[in-house]
Amino acid sequence: MTKVAIKNENITSFGGIYHIMDVFSKLGFEKLTESVLGKRGSSGKAFSHGSIFGSLFFSYLCGGDCLEDINALTGQFRQRPGTLLPGADTVGRGLKELAEENIIYKSETSGKSYSFNTAQKLNTLLLRMIRRMGLIKVGSHVDLDFDHQFIPAHKFDAKYSYKQDFGYFPGWASIGGIIVGGENRDGNTNVRFHQEDTLRRIMDRVTSELGVVIERFRADCGSFSKEIIQTVEQRCNTFYIRAANCDSRCEDFRRLKEWKSVEVGYEKCDVTSVSMDNLIEGKSYRLVVQRSPLKDKDGKLQTDMFGVIYTYRCILTNNRTSTEKDIITFYNERGASEKNFDIQNNDFGWSHLPFSFMAENMVFMMVTAMLKNFYLYLVRHISDKVKPLKKTSRLKAFILHFVSVPAKWVRTGRQNVLNLYSHSLKTIFQHKACTNKLYADSFYKVQKNSHSSFEVICCRR
């Protein structure tokens, strides 16, 4: 039987989090949040919004799964000299304070009312954090993706959706995996209902705050309507929207003769283009049509009295120069942006919303969207030094290879010394003190000690 010796020393198993805390401080998120959200509390003794965000960020980056996990980790965070972070209750109260009033839209056809939450201040802060981290270059031409995600949530104001569950139906915009905006809405709201207002707010904010040009816009058939297309066309150079099929349109497709055979995604299909002139008066768009033969479970073609049965897919665009294959290939790449929802649900808490009301839960989703962007910033820089990590690594791998490292803070020689008991992180802290302004608030020195581990001396300035 293995003998166990229990020690009462202040050794943490999340030594990598102290480096992340230094990065968070150096980026100036404390002052940035205060400039957008205002000062919290009147006495000057309350935890700032930046501290509340930091406590939430660091908890999830250590493997936390809900707000309550913060309480299990704050003791380890406070081992870092000069660090005082709030617990779960304070974080919860602080997030609730940021909730904005819902906007009510009434349907002219059904007479029903639907609630939207625009979270304008948090959307602005989200973009300013992106700009502070340099994730998107000013003046660049970007591709903007937009999609809705149903989030099951049995909360007080959650509505029953056609997804056969209670929840919310927020819409989110992203650029290359970076979340750049979002708005929440009732779970029973049609995705097209006032979507043009949502897109107008998000796209105008993206161009003004980030200083970019929206070159291309992609969305699924939930954005296929006259009002949405007019709004999008005014704010981007080209758009690519999945067109909703109907029986009459399929009949027209069957009569088409000029089909070209191409290979898209290792599958052969036929493509062609037709003009759509009856959607918006005075406007003509290009409809790229793709047809694929329908097969049974054995791979045999299915037929009817008219011949082979085809499945038709259409993309509406104002791009008249690119080939059908290029347009279809580009549109299919939006699947990478849908991965955001999987990451947010499984890594950053969207599957466990903490509050009872839509406005408050929207605050949580916005803050964890900021966390996701911050994580992208971290992993892109750290993956260059930690070999097992990649720029596309998920949070679990990041925690395993970087955050989860035994460490201990000690005081010696009038310096605060962080002892890291790991060989793999030596290159992270070495040669950073004078060469990279990102780490200028902490001086790191790495040396090998008598126990074959590495000591990282951190002199807090």
# chains A, B, ... in the order shown; residues from 1 in each chain; ligands from 1
call {"tool": "select_by_dssp", "arguments": {"residues": "range 126-246 of chain A", "states": "strand (DSSP E or B)", "output": "count of residues only"}}
result
42
call {"tool": "residues_around", "arguments": {"residues": "Gly92 in chain A", "least_positions_apart": "5", "cutoff": "10 Å", "atoms": "only C-alpha atoms", "output": "PDB file with C-alpha atoms, in the first residue's frame"}}
result
ATOM      1  CA  ILE A  52     -14.908  40.434 -11.322  1.00  0.00           C
ATOM      2  CA  LEU A  56     -14.369  34.517 -13.736  1.00  0.00           C
ATOM      3  CA  LEU A  67     -19.592  30.286 -10.915  1.00  0.00           C
ATOM      4  CA  GLU A  68     -19.402  28.297  -7.679  1.00  0.00           C
ATOM      5  CA  PRO A  86     -13.786  38.335  -5.436  1.00  0.00           C
ATOM      6  CA  GLY A  87     -15.615  35.103  -4.677  1.00  0.00           C
ATOM      7  CA  GLU A  97     -25.497  44.745 -12.119  1.00  0.00           C
ATOM      8  CA  PRO A 354     -26.220  30.779 -13.878  1.00  0.00           C
ATOM      9  CA  PHE A 355     -29.096  33.262 -13.606  1.00  0.00           C
ATOM     10  CA  GLU A 360     -28.633  38.630 -16.678  1.00  0.00           C
ATOM     11  CA  PHE A 364     -22.743  36.010 -18.580  1.00  0.00           C
TER      12      PHE A 364
END
call {"tool": "residues_around", "arguments": {"residues": "Cys314 in chain A", "least_positions_apart": "5", "cutoff": "6 Å", "atoms": "only C-alpha atoms", "output": "number ranges by chain"}}
result
A: 242-243, 288-289
call {"tool": "atom_distance", "arguments": {"atom1": "CA of Gln164 in chain A", "atom2": "CA of Asn332 in chain A"}}
result
27.4 Å
call {"tool": "residues_around", "arguments": {"residues": "Val271 in chain A", "least_positions_apart": "3", "cutoff": "7 Å", "atoms": "only C-alpha atoms", "output": "NGL selection string"}}
result
:A and (259-261 or 289-291 or 324)
call {"tool": "closest_residue", "arguments": {"among": "A:Leu287, A:Ala219, A:Asn237, A:Lys268", "to": "Thr323 in chain A", "atoms": "only C-alpha atoms"}}
result
A:Leu287
call {"tool": "select_by_dssp", "arguments": {"residues": "range 77-271 of chain A", "states": "helix (DSSP H, G or I)", "output": "PyMOL selection string"}}
result
chain A and resi 77+88-97+120-133+195-210+221-223+226-233+247-255
call {"tool": "write_last_selection", "arguments": {"atoms": "C-alpha atoms", "output": "CSV table (one decimal), in the first residue's frame"}}
result
chain,number,residue,atom,x,y,z
A,77,PHE,CA,-5.2,33.1,-6.9
A,88,ALA,CA,-18.5,33.5,-6.5
A,89,ASP,CA,-21.3,35.6,-4.7
A,90,THR,CA,-19.6,38.9,-5.5
A,91,VAL,CA,-19.0,37.8,-9.1
A,92,GLY,CA,-22.6,36.9,-9.5
A,93,ARG,CA,-23.8,40.2,-8.1
A,94,GLY,CA,-21.4,42.1,-10.2
A,95,LEU,CA,-22.6,40.4,-13.4
A,96,LYS,CA,-26.2,41.0,-12.6
A,97,GLU,CA,-25.5,44.7,-12.1
A,120,GLN,CA,-24.8,47.5,-26.0
A,121,LYS,CA,-22.2,48.4,-23.4
A,122,LEU,CA,-20.8,44.9,-23.2
A,123,ASN,CA,-20.8,44.6,-27.0
A,124,THR,CA,-18.7,47.7,-27.1
A,125,LEU,CA,-16.3,46.4,-24.5
A,126,LEU,CA,-16.0,43.1,-26.4
A,127,LEU,CA,-14.8,44.9,-29.4
A,128,ARG,CA,-12.4,47.2,-27.5
A,129,MET,CA,-10.9,44.2,-25.8
A,130,ILE,CA,-10.3,42.6,-29.3
A,131,ARG,CA,-8.6,45.8,-30.5
A,132,ARG,CA,-6.5,46.0,-27.3
A,133,MET,CA,-5.3,42.4,-27.9
A,195,GLN,CA,-32.9,40.4,-37.5
A,196,GLU,CA,-32.2,43.3,-39.7
A,197,ASP,CA,-32.1,45.5,-36.6
A,198,THR,CA,-29.7,43.1,-34.9
A,199,LEU,CA,-27.4,43.0,-37.9
A,200,ARG,CA,-27.5,46.8,-38.3
A,201,ARG,CA,-26.3,47.3,-34.7
A,202,ILE,CA,-23.6,44.6,-34.8
A,203,MET,CA,-22.2,45.5,-38.2
A,204,ASP,CA,-22.1,49.3,-37.6
A,205,ARG,CA,-20.4,48.7,-34.2
A,206,VAL,CA,-17.8,46.3,-35.8
A,207,THR,CA,-16.8,48.8,-38.5
A,208,SER,CA,-16.7,51.8,-36.1
A,209,GLU,CA,-14.9,50.2,-33.1
A,210,LEU,CA,-12.5,47.9,-35.0
A,221,CYS,CA,-31.3,30.5,-44.6
A,222,GLY,CA,-32.4,32.2,-41.4
A,223,SER,CA,-31.2,35.4,-42.9
A,226,LYS,CA,-35.8,41.1,-48.2
A,227,GLU,CA,-35.2,43.4,-45.2
A,228,ILE,CA,-32.1,41.5,-44.0
A,229,ILE,CA,-30.5,41.4,-47.4
A,230,GLN,CA,-31.0,45.1,-47.9
A,231,THR,CA,-29.4,45.8,-44.5
A,232,VAL,CA,-26.5,43.5,-45.2
A,233,GLU,CA,-25.8,44.8,-48.7
A,247,ASP,CA,-41.6,23.6,-54.2
A,248,SER,CA,-42.0,26.2,-56.9
A,249,ARG,CA,-38.3,26.9,-57.0
A,250,CYS,CA,-37.4,23.2,-57.2
A,251,GLU,CA,-39.7,22.9,-60.2
A,252,ASP,CA,-37.8,25.7,-61.9
A,253,PHE,CA,-34.5,24.0,-61.1
A,254,ARG,CA,-35.6,20.8,-62.8
A,255,ARG,CA,-36.1,22.6,-66.0
call {"tool": "closest_residue", "arguments": {"among": "A:Phe193, A:Phe166, A:Phe29, A:Phe224", "to": "Glu108 in chain A", "atoms": "only C-alpha atoms"}}
result
A:Phe193
call {"tool": "closest_residue", "arguments": {"among": "A:Ala397, A:Cys236, A:Ala359, A:Leu61", "to": "His19 in chain A", "atoms": "only C-alpha atoms"}}
result
A:Leu61
call {"tool": "atom_distance", "arguments": {"atom1": "CA of Val386 in chain A", "atom2": "CA of Phe402 in chain A"}}
result
7.5 Å
call {"tool": "residues_around", "arguments": {"residues": "range 294-303 of chain A", "least_positions_apart": "6", "cutoff": "12 Å", "atoms": "only C-alpha atoms", "output": "count of residues only"}}
result
5
